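One file, structure33.cif, carrying mmCIF, C-alpha atoms (C1' of nucleotides):
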```cif
data_entry
#
loop_
_atom_site.label_atom_id
_atom_site.label_comp_id
_atom_site.auth_asym_id
_atom_site.auth_seq_id
_atom_site.Cartn_x
_atom_site.Cartn_y
_atom_site.Cartn_z
CA MET A 1 0.00 0.00 0.00
CA SER A 2 1.26 3.38 -0.97
CA SER A 3 0.54 6.79 0.50
CA GLY A 4 -2.46 7.84 2.55
CA ASN A 5 -3.49 10.78 0.43
CA ALA A 6 -5.73 9.06 -2.06
CA GLU A 7 -8.90 10.32 -0.37
CA LEU A 8 -9.25 13.95 -1.31
CA PRO A 9 -13.05 14.26 -1.39
CA LEU A 10 -12.72 17.14 -3.89
CA CYS A 11 -14.33 20.51 -3.70
CA SER A 12 -16.70 21.39 -6.51
CA SER A 13 -13.72 23.17 -7.99
CA ASN A 14 -10.43 21.76 -9.14
CA VAL A 15 -8.30 24.40 -7.48
CA VAL A 16 -6.95 22.10 -4.83
CA HIS A 17 -3.30 22.52 -3.97
CA LYS A 18 -2.79 18.89 -3.20
CA GLU A 19 0.71 19.06 -1.74
CA ILE A 20 -0.33 21.82 0.61
CA VAL A 21 -3.45 20.00 1.74
CA VAL A 22 -1.53 16.80 2.32
CA ARG A 23 1.25 18.51 4.20
CA VAL A 24 -1.08 20.58 6.37
CA ARG A 25 -3.09 17.48 7.13
CA GLU A 26 0.03 15.84 8.46
CA GLU A 27 0.94 18.84 10.58
CA MET A 28 -2.49 19.23 12.17
CA PRO A 29 -2.92 18.05 15.76
CA ARG A 30 -5.21 15.12 16.37
CA GLU A 31 -8.91 15.66 15.81
CA GLU A 32 -9.60 14.99 19.47
CA SER A 33 -7.15 17.62 20.66
CA LEU A 34 -8.71 20.23 18.44
CA TYR A 35 -12.14 19.32 19.72
CA ASP A 36 -11.01 19.60 23.33
CA LEU A 37 -9.33 22.90 22.61
CA ALA A 38 -12.53 24.33 21.15
CA GLU A 39 -14.43 23.05 24.17
CA LEU A 40 -12.00 24.82 26.49
CA PHE A 41 -12.35 28.10 24.63
CA LYS A 42 -16.10 27.68 24.59
CA VAL A 43 -15.97 27.80 28.36
CA PHE A 44 -14.00 31.04 28.14
CA GLY A 45 -16.41 32.45 25.58
CA ASP A 46 -19.00 33.80 27.99
CA THR A 47 -18.84 37.13 29.78
CA THR A 48 -20.16 35.79 33.06
CA ARG A 49 -17.59 33.02 33.22
CA VAL A 50 -14.78 35.37 32.23
CA LYS A 51 -15.82 37.68 35.05
CA ILE A 52 -15.97 34.85 37.54
CA LEU A 53 -12.51 33.68 36.59
CA TYR A 54 -11.07 37.18 36.83
CA ALA A 55 -12.65 37.52 40.23
CA LEU A 56 -11.04 34.29 41.35
CA PHE A 57 -7.68 35.51 40.05
CA ALA A 58 -7.91 38.08 42.81
CA ALA A 59 -9.36 36.06 45.67
CA GLU A 60 -11.12 32.93 46.77
CA MET A 61 -14.82 33.76 46.99
CA CYS A 62 -18.08 32.17 48.03
CA VAL A 63 -21.03 31.89 45.67
CA CYS A 64 -22.87 34.77 47.27
CA ASP A 65 -19.83 37.03 47.06
CA ILE A 66 -19.60 36.41 43.34
CA ALA A 67 -23.30 36.98 42.85
CA VAL A 68 -23.08 40.31 44.65
CA LEU A 69 -19.92 41.29 42.82
CA LEU A 70 -21.44 40.63 39.41
CA ASN A 71 -24.94 41.73 40.39
CA MET A 72 -26.45 38.48 39.24
CA SER A 73 -28.67 35.82 40.77
CA GLN A 74 -27.18 33.09 42.93
CA SER A 75 -28.67 30.50 40.60
CA ALA A 76 -27.05 31.94 37.50
CA ILE A 77 -23.67 32.02 39.21
CA SER A 78 -24.10 28.51 40.49
CA HIS A 79 -24.91 27.21 37.04
CA GLN A 80 -21.81 28.85 35.61
CA LEU A 81 -19.62 27.59 38.43
CA ARG A 82 -20.82 24.15 37.50
CA VAL A 83 -19.53 24.65 33.97
CA LEU A 84 -16.19 25.87 35.30
CA LYS A 85 -16.05 22.92 37.67
CA GLN A 86 -16.68 20.44 34.87
CA ALA A 87 -13.87 22.04 32.88
CA ARG A 88 -11.72 21.61 35.98
CA LEU A 89 -10.90 25.30 35.98
CA VAL A 90 -12.06 25.92 39.55
CA LYS A 91 -12.00 23.98 42.77
CA PHE A 92 -14.03 24.47 45.93
CA ARG A 93 -14.06 23.81 49.63
CA ARG A 94 -17.03 23.68 51.91
CA GLN A 95 -16.99 25.46 55.24
CA GLY A 96 -20.28 25.01 56.99
CA LYS A 97 -23.02 26.18 54.72
CA VAL A 98 -20.70 28.30 52.64
CA VAL A 99 -18.84 27.00 49.60
CA TYR A 100 -15.66 28.79 48.61
CA TYR A 101 -14.41 28.67 45.04
CA SER A 102 -10.89 29.24 43.83
CA LEU A 103 -8.80 28.70 40.72
CA ASN A 104 -7.59 25.24 39.87
CA ASP A 105 -5.26 26.11 37.05
CA GLU A 106 -2.17 28.15 36.42
CA HIS A 107 -2.54 28.57 32.69
CA VAL A 108 -5.84 30.36 32.65
CA LYS A 109 -4.45 33.69 33.72
CA GLN A 110 -1.70 33.45 31.11
CA ILE A 111 -4.20 32.60 28.40
CA PHE A 112 -6.45 35.46 29.45
CA ASP A 113 -3.63 37.96 29.63
CA GLN A 114 -2.48 36.99 26.17
CA GLY A 115 -6.05 37.40 24.97
CA LEU A 116 -6.14 40.90 26.45
CA THR A 117 -2.85 41.70 24.80
CA HIS A 118 -4.30 40.66 21.49
CA ILE A 119 -7.35 42.84 22.03
CA ASN A 120 -5.32 45.87 23.02
CA GLU A 121 -3.16 45.59 19.95
CA LEU A 122 -6.22 45.70 17.76
CA ILE A 123 -6.96 49.30 18.76
CA MET B 124 -17.32 62.28 48.39
CA SER B 125 -16.04 59.15 50.01
CA SER B 126 -15.70 55.62 48.67
CA GLY B 127 -17.64 54.00 45.86
CA ASN B 128 -18.69 50.88 47.67
CA ALA B 129 -22.09 51.87 48.99
CA GLU B 130 -23.94 49.88 46.34
CA LEU B 131 -23.76 46.23 47.31
CA PRO B 132 -27.07 44.95 45.96
CA LEU B 133 -27.07 42.11 48.52
CA CYS B 134 -27.57 38.47 47.84
CA SER B 135 -30.56 36.81 49.45
CA SER B 136 -28.10 35.73 52.11
CA ASN B 137 -26.01 37.84 54.39
CA VAL B 138 -22.79 35.98 53.85
CA VAL B 139 -21.12 38.71 51.89
CA HIS B 140 -17.45 39.29 52.58
CA LYS B 141 -17.63 42.97 51.92
CA GLU B 142 -13.90 43.78 51.97
CA ILE B 143 -13.19 40.98 49.53
CA VAL B 144 -15.95 42.02 47.16
CA VAL B 145 -14.86 45.63 47.25
CA ARG B 146 -11.22 44.78 46.70
CA VAL B 147 -11.90 42.33 43.89
CA ARG B 148 -14.15 44.87 42.24
CA GLU B 149 -11.28 47.31 42.18
CA GLU B 150 -8.87 44.74 40.75
CA MET B 151 -11.18 43.61 37.94
CA PRO B 152 -10.43 44.85 34.42
CA ARG B 153 -12.94 47.14 32.81
CA GLU B 154 -16.28 45.67 31.87
CA GLU B 155 -15.61 46.35 28.20
CA SER B 156 -12.30 44.49 28.20
CA LEU B 157 -13.93 41.45 29.76
CA TYR B 158 -16.66 41.55 27.18
CA ASP B 159 -14.17 41.76 24.33
CA LEU B 160 -12.15 38.95 25.82
CA ALA B 161 -15.19 36.69 25.95
CA GLU B 162 -15.99 37.62 22.35
CA LEU B 163 -12.49 36.64 21.28
CA PHE B 164 -12.71 33.28 23.02
CA LYS B 165 -16.14 32.75 21.55
CA VAL B 166 -14.48 32.86 18.14
CA PHE B 167 -12.03 30.20 19.31
CA GLY B 168 -14.82 28.12 20.78
CA ASP B 169 -15.80 26.29 17.62
CA THR B 170 -14.12 23.19 16.23
CA THR B 171 -14.31 24.30 12.63
CA ARG B 172 -12.67 27.64 13.35
CA VAL B 173 -9.99 26.02 15.49
CA LYS B 174 -9.21 23.66 12.64
CA ILE B 175 -9.07 26.48 10.13
CA LEU B 176 -6.68 28.43 12.32
CA TYR B 177 -4.44 25.43 12.88
CA ALA B 178 -4.40 24.86 9.15
CA LEU B 179 -3.34 28.44 8.58
CA PHE B 180 -0.59 28.03 11.18
CA ALA B 181 0.95 25.64 8.70
CA ALA B 182 0.31 27.37 5.39
CA GLU B 183 -1.59 29.98 3.48
CA MET B 184 -4.56 28.27 1.87
CA CYS B 185 -7.42 29.03 -0.46
CA VAL B 186 -11.04 28.41 0.52
CA CYS B 187 -11.30 25.26 -1.51
CA ASP B 188 -8.13 23.83 0.03
CA ILE B 189 -9.56 24.32 3.49
CA ALA B 190 -12.90 22.80 2.51
CA VAL B 191 -11.15 19.72 1.14
CA LEU B 192 -8.83 19.50 4.13
CA LEU B 193 -11.69 19.59 6.61
CA ASN B 194 -14.10 17.67 4.39
CA MET B 195 -16.72 20.38 4.65
CA SER B 196 -18.74 22.45 2.21
CA GLN B 197 -17.25 25.56 0.64
CA SER B 198 -20.12 27.58 2.04
CA ALA B 199 -19.58 26.46 5.60
CA ILE B 200 -15.89 27.33 5.38
CA SER B 201 -16.64 30.67 3.81
CA HIS B 202 -19.06 31.57 6.58
CA GLN B 203 -16.49 30.71 9.24
CA LEU B 204 -13.75 32.60 7.44
CA ARG B 205 -16.04 35.59 7.62
CA VAL B 206 -16.19 35.27 11.40
CA LEU B 207 -12.41 34.99 11.58
CA LYS B 208 -12.07 37.99 9.28
CA GLN B 209 -14.37 40.10 11.45
CA ALA B 210 -12.30 39.16 14.47
CA ARG B 211 -9.26 40.26 12.48
CA LEU B 212 -7.61 36.91 13.01
CA VAL B 213 -7.06 36.18 9.33
CA LYS B 214 -6.21 38.22 6.28
CA PHE B 215 -6.62 37.39 2.61
CA ARG B 216 -5.35 38.20 -0.83
CA ARG B 217 -7.10 37.67 -4.10
CA GLN B 218 -5.29 36.11 -7.03
CA GLY B 219 -7.60 35.78 -9.99
CA LYS B 220 -10.63 33.83 -8.91
CA VAL B 221 -8.88 32.30 -5.95
CA VAL B 222 -8.77 33.90 -2.50
CA TYR B 223 -5.91 32.93 -0.23
CA TYR B 224 -6.26 33.20 3.52
CA SER B 225 -3.49 33.48 6.08
CA LEU B 226 -3.02 34.38 9.72
CA ASN B 227 -3.17 37.99 10.76
CA ASP B 228 -2.02 37.60 14.32
CA GLU B 229 0.99 36.38 16.24
CA HIS B 230 -0.72 35.70 19.55
CA VAL B 231 -3.20 33.14 18.37
CA LYS B 232 -0.71 30.32 18.14
CA GLN B 233 0.61 31.10 21.60
CA ILE B 234 -2.88 31.17 23.06
CA PHE B 235 -3.73 27.91 21.35
CA ASP B 236 -0.56 26.19 22.44
CA GLN B 237 -1.15 27.23 26.02
CA GLY B 238 -4.67 25.87 25.72
CA LEU B 239 -3.30 22.56 24.49
CA THR B 240 -0.82 22.51 27.36
CA HIS B 241 -3.70 22.98 29.76
CA ILE B 242 -5.62 20.15 28.16
CA ASN B 243 -2.67 17.79 28.22
CA GLU B 244 -2.04 18.43 31.89
CA LEU B 245 -5.58 17.42 32.67
CA ILE B 246 -4.92 13.83 31.66
"C1'" DA C 247 -37.09 17.42 65.05
"C1'" DT C 248 -37.88 21.90 62.94
"C1'" DA C 249 -36.58 25.98 60.82
"C1'" DA C 250 -33.41 28.71 58.39
"C1'" DT C 251 -29.69 29.31 55.29
"C1'" DA C 252 -26.25 28.66 51.37
"C1'" DC C 253 -25.93 26.41 47.49
"C1'" DA C 254 -27.25 23.02 43.63
"C1'" DT C 255 -30.16 21.55 40.03
"C1'" DG C 256 -34.01 20.42 36.68
"C1'" DA C 257 -37.29 22.34 33.44
"C1'" DA C 258 -38.69 25.99 30.59
"C1'" DC C 259 -37.86 29.75 27.75
"C1'" DA C 260 -35.43 32.94 24.93
"C1'" DT C 261 -31.55 33.79 22.28
"C1'" DA C 262 -27.41 32.71 19.71
"C1'" DT C 263 -25.09 30.17 16.31
"C1'" DA C 264 -23.43 26.53 12.76
"C1'" DT C 265 -24.65 24.37 8.65
"C1'" DT C 266 -27.29 23.85 4.41
"C1'" DC C 267 -29.47 25.45 0.33
"C1'" DA C 268 -30.10 28.63 -3.12
"C1'" DT C 269 -28.32 32.41 -5.23
"C1'" DA C 270 -25.33 36.54 -5.91
"C1'" DT C 271 -20.83 38.52 -7.01
"C1'" DG C 272 -16.67 38.98 -9.39
"C1'" DA C 273 -12.80 37.37 -12.17
"C1'" DG C 274 -10.98 35.05 -16.25
"C1'" DC C 275 -11.83 33.16 -20.76
"C1'" DA C 276 -14.06 31.98 -25.40
"C1'" DT D 277 -21.26 39.31 -24.55
"C1'" DG D 278 -21.88 35.03 -22.55
"C1'" DC D 279 -19.94 31.23 -19.89
"C1'" DT D 280 -17.49 29.01 -16.18
"C1'" DC D 281 -15.42 28.94 -11.94
"C1'" DA D 282 -14.10 30.41 -6.98
"C1'" DT D 283 -16.00 32.57 -3.41
"C1'" DA D 284 -19.52 35.28 -0.70
"C1'" DT D 285 -23.89 35.79 1.33
"C1'" DG D 286 -28.95 35.78 2.75
"C1'" DA D 287 -32.63 32.90 4.54
"C1'" DA D 288 -34.04 28.91 6.84
"C1'" DT D 289 -33.42 25.28 10.04
"C1'" DA D 290 -31.62 22.73 13.76
"C1'" DT D 291 -29.09 22.79 17.77
"C1'" DA D 292 -26.71 24.74 21.69
"C1'" DT D 293 -26.62 27.67 25.57
"C1'" DG D 294 -27.60 31.29 29.40
"C1'" DT D 295 -30.90 32.86 32.63
"C1'" DT D 296 -35.02 32.43 35.42
"C1'" DC D 297 -38.14 30.07 38.35
"C1'" DA D 298 -39.20 26.55 41.36
"C1'" DT D 299 -37.51 23.22 44.17
"C1'" DG D 300 -34.05 19.94 46.19
"C1'" DT D 301 -30.10 19.13 49.37
"C1'" DA D 302 -26.79 19.77 52.96
"C1'" DT D 303 -25.47 22.18 57.08
"C1'" DT D 304 -26.24 24.93 61.26
"C1'" DA D 305 -28.97 26.67 65.00
"C1'" DT D 306 -32.86 26.51 68.15
#
```
Render the structure in this file as structure tokens.
Amino acid sequence: MSSGNAELPLCSSNVVHKEIVVRVREEMPREESLYDLAELFKVFGDTTRVKILYALFAAEMCVCDIAVLLNMSQSAISHQLRVLKQARLVKFRRQGKVVYYSLNDEHVKQIFDQGLTHINELI
Amino acid sequence: MSSGNAELPLCSSNVVHKEIVVRVREEMPREESLYDLAELFKVFGDTTRVKILYALFAAEMCVCDIAVLLNMSQSAISHQLRVLKQARLVKFRRQGKVVYYSLNDEHVKQIFDQGLTHINELI
DNA sequence: ATAATACATGAACATATATTCATATGAGCA
DNA sequence: TGCTCATATGAATATATGTTCATGTATTAT
């Protein structure tokens, strides 16, 4: 068996730069990694969650603190914390009736700061 | 006029750590920055767009190349390229009937790689 | 045990968004 | 001009997602 580039499903057009497509295909990360990456950014792609994470950059906070800070309902915050929990971006500890949330990851702040840098350079 | 922390809208509960909320509020970036940041990540939060960007990391490509590479319709790719264009993440040049797209930003790869690092450390 | 509190969660609803389909635009060529 | 091709785009549809509302659960206090 020869190469693995026999299956170019063809666009309607014939302007396919085959060598480029084949080479890029080889250089691309695995499908699963790209999917996971998009899922991670999807979590970052909501204002409420971005705000929560920035808040937790500064301090550990309980659910009610965050709700007051962002002027949103406790339920809305709780739902979003759930998303952040599932993405393993935050951790929590229970102290009596109060649940305190904090960051679980070092990279997030770096990713965010680089995002802000990008935005600022667009001005 | 004194401080600007008179307006704590109060959660249903009374467990509000006022000093923390006030301090975090001061440390948070501007509302607009956080909104823009979420918008940027929203663009990254789609598998198709992530794939397109990774493809363009490797080479400049025309629309048809990308469609073949990702095994998707030309229209779908074109719509997503529009989103990436609006976010100023890609640029393009026209050569005859063919339009070639390439990256317009240095940060994106760094942000993506840090995202992948995060994902890999979760294993 | 009962009540109160801090948080979690399921269902419903409204909104956003990704793809498809049909068609428009714009460039090269006969 | 008329035709073909590469790409862009508007409308429609299906799906995903964020918030609210109502309620469940776990912990503390009486």
Output the coordinates of chain A after least-squares fitting to chain B on all in-order C-alpha pairs, as a PDB file with C-alpha atoms, in the frame of the given file.
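Output (selection_34.pdb):
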```pdb
ATOM      1  CA  MET A   1     -18.493  62.196  48.995  1.00  0.00           C
ATOM      2  CA  SER A   2     -16.922  59.191  50.563  1.00  0.00           C
ATOM      3  CA  SER A   3     -16.128  55.789  49.112  1.00  0.00           C
ATOM      4  CA  GLY A   4     -17.706  54.132  46.101  1.00  0.00           C
ATOM      5  CA  ASN A   5     -18.725  50.923  47.793  1.00  0.00           C
ATOM      6  CA  ALA A   6     -22.119  51.900  49.098  1.00  0.00           C
ATOM      7  CA  GLU A   7     -23.938  49.978  46.361  1.00  0.00           C
ATOM      8  CA  LEU A   8     -23.716  46.332  47.278  1.00  0.00           C
ATOM      9  CA  PRO A   9     -27.030  45.081  45.864  1.00  0.00           C
ATOM     10  CA  LEU A  10     -27.011  42.250  48.439  1.00  0.00           C
ATOM     11  CA  CYS A  11     -27.521  38.599  47.808  1.00  0.00           C
ATOM     12  CA  SER A  12     -30.509  37.013  49.493  1.00  0.00           C
ATOM     13  CA  SER A  13     -28.018  35.958  52.124  1.00  0.00           C
ATOM     14  CA  ASN A  14     -25.917  38.083  54.405  1.00  0.00           C
ATOM     15  CA  VAL A  15     -22.720  36.146  53.867  1.00  0.00           C
ATOM     16  CA  VAL A  16     -21.049  38.843  51.849  1.00  0.00           C
ATOM     17  CA  HIS A  17     -17.378  39.390  52.527  1.00  0.00           C
ATOM     18  CA  LYS A  18     -17.526  43.068  51.830  1.00  0.00           C
ATOM     19  CA  GLU A  19     -13.812  43.850  51.886  1.00  0.00           C
ATOM     20  CA  ILE A  20     -13.113  41.043  49.467  1.00  0.00           C
ATOM     21  CA  VAL A  21     -15.876  42.084  47.099  1.00  0.00           C
ATOM     22  CA  VAL A  22     -14.746  45.687  47.157  1.00  0.00           C
ATOM     23  CA  ARG A  23     -11.119  44.822  46.624  1.00  0.00           C
ATOM     24  CA  VAL A  24     -11.804  42.351  43.823  1.00  0.00           C
ATOM     25  CA  ARG A  25     -14.051  44.888  42.166  1.00  0.00           C
ATOM     26  CA  GLU A  26     -11.174  47.320  42.094  1.00  0.00           C
ATOM     27  CA  GLU A  27      -8.784  44.754  40.670  1.00  0.00           C
ATOM     28  CA  MET A  28     -11.089  43.604  37.876  1.00  0.00           C
ATOM     29  CA  PRO A  29     -10.341  44.823  34.351  1.00  0.00           C
ATOM     30  CA  ARG A  30     -12.853  47.117  32.730  1.00  0.00           C
ATOM     31  CA  GLU A  31     -16.210  45.644  31.808  1.00  0.00           C
ATOM     32  CA  GLU A  32     -15.538  46.308  28.143  1.00  0.00           C
ATOM     33  CA  SER A  33     -12.246  44.436  28.162  1.00  0.00           C
ATOM     34  CA  LEU A  34     -13.855  41.409  29.719  1.00  0.00           C
ATOM     35  CA  TYR A  35     -16.606  41.500  27.139  1.00  0.00           C
ATOM     36  CA  ASP A  36     -14.108  41.697  24.292  1.00  0.00           C
ATOM     37  CA  LEU A  37     -12.087  38.887  25.793  1.00  0.00           C
ATOM     38  CA  ALA A  38     -15.138  36.631  25.941  1.00  0.00           C
ATOM     39  CA  GLU A  39     -15.940  37.551  22.352  1.00  0.00           C
ATOM     40  CA  LEU A  40     -12.433  36.564  21.281  1.00  0.00           C
ATOM     41  CA  PHE A  41     -12.663  33.209  23.022  1.00  0.00           C
ATOM     42  CA  LYS A  42     -16.098  32.679  21.552  1.00  0.00           C
ATOM     43  CA  VAL A  43     -14.460  32.789  18.154  1.00  0.00           C
ATOM     44  CA  PHE A  44     -11.999  30.135  19.308  1.00  0.00           C
ATOM     45  CA  GLY A  45     -14.793  28.040  20.776  1.00  0.00           C
ATOM     46  CA  ASP A  46     -15.792  26.213  17.613  1.00  0.00           C
ATOM     47  CA  THR A  47     -14.113  23.124  16.213  1.00  0.00           C
ATOM     48  CA  THR A  48     -14.314  24.260  12.612  1.00  0.00           C
ATOM     49  CA  ARG A  49     -12.668  27.587  13.335  1.00  0.00           C
ATOM     50  CA  VAL A  50      -9.992  25.964  15.480  1.00  0.00           C
ATOM     51  CA  LYS A  51      -9.219  23.616  12.606  1.00  0.00           C
ATOM     52  CA  ILE A  52      -9.070  26.443  10.113  1.00  0.00           C
ATOM     53  CA  LEU A  53      -6.679  28.388  12.291  1.00  0.00           C
ATOM     54  CA  TYR A  54      -4.440  25.375  12.827  1.00  0.00           C
ATOM     55  CA  ALA A  55      -4.406  24.827   9.103  1.00  0.00           C
ATOM     56  CA  LEU A  56      -3.343  28.409   8.541  1.00  0.00           C
ATOM     57  CA  PHE A  57      -0.584  28.000  11.128  1.00  0.00           C
ATOM     58  CA  ALA A  58       0.945  25.599   8.643  1.00  0.00           C
ATOM     59  CA  ALA A  59       0.293  27.339   5.340  1.00  0.00           C
ATOM     60  CA  GLU A  60      -1.606  29.983   3.468  1.00  0.00           C
ATOM     61  CA  MET A  61      -4.583  28.270   1.846  1.00  0.00           C
ATOM     62  CA  CYS A  62      -7.448  29.049  -0.482  1.00  0.00           C
ATOM     63  CA  VAL A  63     -11.060  28.463   0.499  1.00  0.00           C
ATOM     64  CA  CYS A  64     -11.336  25.301  -1.543  1.00  0.00           C
ATOM     65  CA  ASP A  65      -8.169  23.863  -0.027  1.00  0.00           C
ATOM     66  CA  ILE A  66      -9.594  24.328   3.442  1.00  0.00           C
ATOM     67  CA  ALA A  67     -12.916  22.830   2.457  1.00  0.00           C
ATOM     68  CA  VAL A  68     -11.180  19.757   1.071  1.00  0.00           C
ATOM     69  CA  LEU A  69      -8.868  19.502   4.052  1.00  0.00           C
ATOM     70  CA  LEU A  70     -11.726  19.587   6.541  1.00  0.00           C
ATOM     71  CA  ASN A  71     -14.158  17.701   4.316  1.00  0.00           C
ATOM     72  CA  MET A  72     -16.757  20.408   4.600  1.00  0.00           C
ATOM     73  CA  SER A  73     -18.775  22.506   2.177  1.00  0.00           C
ATOM     74  CA  GLN A  74     -17.282  25.629   0.641  1.00  0.00           C
ATOM     75  CA  SER A  75     -20.166  27.642   2.050  1.00  0.00           C
ATOM     76  CA  ALA A  76     -19.604  26.494   5.610  1.00  0.00           C
ATOM     77  CA  ILE A  77     -15.919  27.347   5.384  1.00  0.00           C
ATOM     78  CA  SER A  78     -16.665  30.700   3.853  1.00  0.00           C
ATOM     79  CA  HIS A  79     -19.071  31.578   6.626  1.00  0.00           C
ATOM     80  CA  GLN A  80     -16.489  30.691   9.252  1.00  0.00           C
ATOM     81  CA  LEU A  81     -13.750  32.600   7.466  1.00  0.00           C
ATOM     82  CA  ARG A  82     -16.035  35.580   7.660  1.00  0.00           C
ATOM     83  CA  VAL A  83     -16.169  35.237  11.434  1.00  0.00           C
ATOM     84  CA  LEU A  84     -12.386  34.958  11.601  1.00  0.00           C
ATOM     85  CA  LYS A  85     -12.058  37.967   9.327  1.00  0.00           C
ATOM     86  CA  GLN A  86     -14.341  40.065  11.513  1.00  0.00           C
ATOM     87  CA  ALA A  87     -12.247  39.115  14.534  1.00  0.00           C
ATOM     88  CA  ARG A  88      -9.226  40.226  12.520  1.00  0.00           C
ATOM     89  CA  LEU A  89      -7.583  36.862  13.041  1.00  0.00           C
ATOM     90  CA  VAL A  90      -7.040  36.157   9.342  1.00  0.00           C
ATOM     91  CA  LYS A  91      -6.195  38.214   6.311  1.00  0.00           C
ATOM     92  CA  PHE A  92      -6.616  37.397   2.636  1.00  0.00           C
ATOM     93  CA  ARG A  93      -5.341  38.218  -0.803  1.00  0.00           C
ATOM     94  CA  ARG A  94      -7.096  37.720  -4.076  1.00  0.00           C
ATOM     95  CA  GLN A  95      -5.299  36.180  -7.018  1.00  0.00           C
ATOM     96  CA  GLY A  96      -7.626  35.886  -9.949  1.00  0.00           C
ATOM     97  CA  LYS A  97     -10.655  33.954  -8.890  1.00  0.00           C
ATOM     98  CA  VAL A  98      -8.901  32.375  -5.951  1.00  0.00           C
ATOM     99  CA  VAL A  99      -8.784  33.940  -2.497  1.00  0.00           C
ATOM    100  CA  TYR A 100      -5.920  32.950  -0.236  1.00  0.00           C
ATOM    101  CA  TYR A 101      -6.259  33.194   3.525  1.00  0.00           C
ATOM    102  CA  SER A 102      -3.485  33.458   6.058  1.00  0.00           C
ATOM    103  CA  LEU A 103      -3.004  34.341   9.708  1.00  0.00           C
ATOM    104  CA  ASN A 104      -3.132  37.945  10.782  1.00  0.00           C
ATOM    105  CA  ASP A 105      -1.973  37.540  14.336  1.00  0.00           C
ATOM    106  CA  GLU A 106       1.017  36.304  16.245  1.00  0.00           C
ATOM    107  CA  HIS A 107      -0.683  35.614  19.540  1.00  0.00           C
ATOM    108  CA  VAL A 108      -3.170  33.059  18.366  1.00  0.00           C
ATOM    109  CA  LYS A 109      -0.689  30.240  18.113  1.00  0.00           C
ATOM    110  CA  GLN A 110       0.648  31.023  21.581  1.00  0.00           C
ATOM    111  CA  ILE A 111      -2.846  31.083  23.031  1.00  0.00           C
ATOM    112  CA  PHE A 112      -3.708  27.810  21.330  1.00  0.00           C
ATOM    113  CA  ASP A 113      -0.522  26.104  22.414  1.00  0.00           C
ATOM    114  CA  GLN A 114      -1.117  27.151  25.990  1.00  0.00           C
ATOM    115  CA  GLY A 115      -4.645  25.803  25.699  1.00  0.00           C
ATOM    116  CA  LEU A 116      -3.268  22.472  24.493  1.00  0.00           C
ATOM    117  CA  THR A 117      -0.814  22.433  27.350  1.00  0.00           C
ATOM    118  CA  HIS A 118      -3.666  22.908  29.756  1.00  0.00           C
ATOM    119  CA  ILE A 119      -5.605  20.067  28.170  1.00  0.00           C
ATOM    120  CA  ASN A 120      -2.665  17.694  28.227  1.00  0.00           C
ATOM    121  CA  GLU A 121      -2.041  18.345  31.881  1.00  0.00           C
ATOM    122  CA  LEU A 122      -5.586  17.363  32.684  1.00  0.00           C
ATOM    123  CA  ILE A 123      -4.948  13.749  31.666  1.00  0.00           C
TER     124      ILE A 123
END
```
Problem - Between atom CA of Lys165 of chain B and atom CA of Leu226 of chain B, distance in Å (one decimal) - result: 17.7 Å
Mind telling me what the PyMOL selection byres ((chain D and resi 294-297) around 12) catches here, as a PDB file with C-alpha atoms (C1' of nucleotides), in the coordinates of the input?
```pdb
ATOM      1  CA  GLY A  45     -16.410  32.450  25.580  1.00  0.00           C
ATOM      2  CA  ASP A  46     -19.000  33.800  27.990  1.00  0.00           C
ATOM      3  CA  THR A  47     -18.840  37.130  29.780  1.00  0.00           C
ATOM      4  CA  THR A  48     -20.160  35.790  33.060  1.00  0.00           C
ATOM      5  CA  ARG A  49     -17.590  33.020  33.220  1.00  0.00           C
ATOM      6  CA  MET A  72     -26.450  38.480  39.240  1.00  0.00           C
ATOM      7  CA  SER A  73     -28.670  35.820  40.770  1.00  0.00           C
ATOM      8  CA  GLN A  74     -27.180  33.090  42.930  1.00  0.00           C
ATOM      9  CA  SER A  75     -28.670  30.500  40.600  1.00  0.00           C
ATOM     10  CA  ALA A  76     -27.050  31.940  37.500  1.00  0.00           C
ATOM     11  CA  ILE A  77     -23.670  32.020  39.210  1.00  0.00           C
ATOM     12  CA  SER A  78     -24.100  28.510  40.490  1.00  0.00           C
ATOM     13  CA  HIS A  79     -24.910  27.210  37.040  1.00  0.00           C
ATOM     14  CA  GLN A  80     -21.810  28.850  35.610  1.00  0.00           C
ATOM     15  CA  VAL A  83     -19.530  24.650  33.970  1.00  0.00           C
TER      16      VAL A  83
ATOM     17  C1'  DT C 255     -30.160  21.550  40.030  1.00  0.00           C
ATOM     18  C1'  DG C 256     -34.010  20.420  36.680  1.00  0.00           C
ATOM     19  C1'  DA C 257     -37.290  22.340  33.440  1.00  0.00           C
ATOM     20  C1'  DA C 258     -38.690  25.990  30.590  1.00  0.00           C
ATOM     21  C1'  DC C 259     -37.860  29.750  27.750  1.00  0.00           C
ATOM     22  C1'  DA C 260     -35.430  32.940  24.930  1.00  0.00           C
ATOM     23  C1'  DT C 261     -31.550  33.790  22.280  1.00  0.00           C
ATOM     24  C1'  DA C 262     -27.410  32.710  19.710  1.00  0.00           C
TER      25       DA C 262
ATOM     26  C1'  DA D 292     -26.710  24.740  21.690  1.00  0.00           C
ATOM     27  C1'  DT D 293     -26.620  27.670  25.570  1.00  0.00           C
ATOM     28  C1'  DA D 298     -39.200  26.550  41.360  1.00  0.00           C
ATOM     29  C1'  DT D 299     -37.510  23.220  44.170  1.00  0.00           C
TER      30       DT D 299
END
```
Exercise for the section: Run the PyMOL selection byres ((chain B) within 6 of (chain A)) on the file and write out the hits as a list in words. Expected result: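 Selection result, ordered by chain and number: Leu133, Cys134, Val139, Val144, Val147, Tyr158, Ala161, Phe164, Lys165, Phe167, Gly168, Asp169, Thr170, Ala181, Asp188, Val191, Leu192 and Ile234 of chain B.
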